[in-house]
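As structure tokens, the structure follows; a few thoughts come after it.
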Amino acid sequence: MVRPMQVRSAVIPAAGMGTRFLPATKAVPKELMPIGDTPAIQIIIDEALGAGIDHIVVVSSRSKPAIEQYFAPDPELIEALKAKGKDDVAERIASIGRDWRVTITYQDNPRGLGHAVGCGREAVGDEPFAVLLPDELMGDSSLLAQMCGVCASTGGSVVGVKQVPREDVSSYGVLAPSGPMDDDGVIPVADLVEKPPVDEAPSEFIIIGRYVLTPDVFDEIENLTPGSGGELQLTDALRAQASRSPFSGVLSSVDRYDTGNPVGFLDAAVAYALRNPDMADGTRAILTTHT
Ligand code: G1P
């Protein structure tokens with residue numbers, strides 16, 4: 001059977017408790033916290049849409065009902081905004097789930113990233129799909145678009161990659177390349193290892209939170225046993241794929257913000273505000289008062 005290679009769906013794991021942002025996340029999911037005027041998850045969705053994806057699969061938790069509320073249609077709010085002449089924001093709100101499809105699915109037990117991605121299986125179906133970890137914001141869609149192209153041309157899974165100093169590798173999944181990187185930044189991958197000790201790391205190429213995966217990964221996920229940290233690790237499912245199919249890393253050249261901690265989140269918010277014509281001057285003026 002020839003599989004369709006167009007990537008249509010993106011899975012966004014969003015069931016985490018946001019422990020590092022408590023007490024803010026006691027009531028407000030981290031994914032909805034604002035980067036300027038936009039919830040962080042919408043920036044991730046916009047990145048996916050920019051890469052040609054039109055089905056967003058949010059893996060949420062039933063303890064975070066505000067996520068569902070964000071995606072629910074709200075015709076009354078739209079009418080009220082239009083009546084006030086606020087057509088721009090009315091249109092932004094109307095486009096949520098209208099110009100693209102959203103499926104919300106649930107991960108009721110936090111058993112690891114592999115398990116979270118597996119919760120998207122039914123929504124994704126039997127075709128290649130993207131995974132975007134919402135703790136990392138990218139400057140634009142170019143990395144994801146390139147990764148979709150590499151998946152289509154190789155027929156195998158692809159991860160986004162960054163090179164970091166060796167002492168930093170232990171916080172990430174690390175690639176074992178099987179050959180040199182080409183001129184487009186594509187690295188053939190023989191193996192992957194989740195959070196290795198520095199002296200056992202096979203390279204300085206780490207997995208960043210972007211994946212384009214072939215659907216056979218779902219079978220690997222079902223076979224997972226607890227790995228690093230006692231969790232069902234996505235990296236372990238990927239290593240099974242890499243052992244028998246083409247597998248690639250793509251070195252990222254886009255800006256990347258790690259919003260997993262409050263200072264990183266602030267960094268991302270400032271960077272986005274400086275890029276927004278409505279906020280740039282005011283933000284710059286504020287920053288000068290703090291230096
Ligand atoms: C996860 C993955 C890891 C990857 C990282 C990127 O780890 O398991 O392989 O390098 O995301 O941010 P986590 O940050 O959830 O511990």
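Residue numbering restarts at 1 in every chain; chains get A, B, ... in the order shown in the structure tokens, and ligands count up from 1 in that same order.
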Go through the chains and note each residue within 7 Å of ligand 1, using only C-alpha atoms and all ligand atoms, then give the set as an MDAnalysis selection string.
chainID A and resid 113 136 171:174 194:195 206:209 233:235
List every residue of region 56-156 of chain A that has an atom at most 10 Å from any atom of region 214-218 of chain A, giving for each one its closest atom pair and the distance in Å to one decimal, counting only C-alpha atoms, sorted by chain and then by ascending residue number, as a tab-separated table.
```
residue	atom	partner	partner_atom	distance
A:Gly114	CA	A:Phe218	CA	9.0
A:His115	CA	A:Phe218	CA	9.6
A:Val117	CA	A:Phe218	CA	8.2
A:Gly118	CA	A:Phe218	CA	5.9
A:Cys119	CA	A:Phe218	CA	9.3
A:Gly120	CA	A:Phe218	CA	9.0
A:Arg121	CA	A:Phe218	CA	6.6
A:Glu122	CA	A:Phe218	CA	9.9
A:Val124	CA	A:Pro215	CA	8.4
A:Gly125	CA	A:Pro215	CA	7.6
A:Asp126	CA	A:Pro215	CA	5.6
A:Glu127	CA	A:Pro215	CA	5.5
A:Pro128	CA	A:Thr214	CA	4.3
A:Phe129	CA	A:Thr214	CA	6.7
A:Ala130	CA	A:Thr214	CA	8.9
A:Cys151	CA	A:Thr214	CA	8.0
A:Ala152	CA	A:Thr214	CA	9.8
A:Gly155	CA	A:Thr214	CA	7.7
A:Gly156	CA	A:Thr214	CA	6.2
```
Among region 50-124 of chain A, which ones does DSSP assign to helix (DSSP H, G or I) (computed from the backbone)? Answer as a ChimeraX atom specification.
/A:50,65-71,75-83,87-94,113-118,121-124
Check region 80-263 of chain A with DSSP on the backbone and list each residue it calls strand (DSSP E or B), as a count of residues only.
51
Might you pull out every residue within 8 Å of region 90-96 of chain A, with only C-alpha atoms counted and same-chain residues fewer than 2 positions away left off, and present them as JSON, numbers by chain?
{"A": [71, 73, 74, 75, 77, 78, 79, 81, 82, 86, 87, 88, 98, 99, 100]}
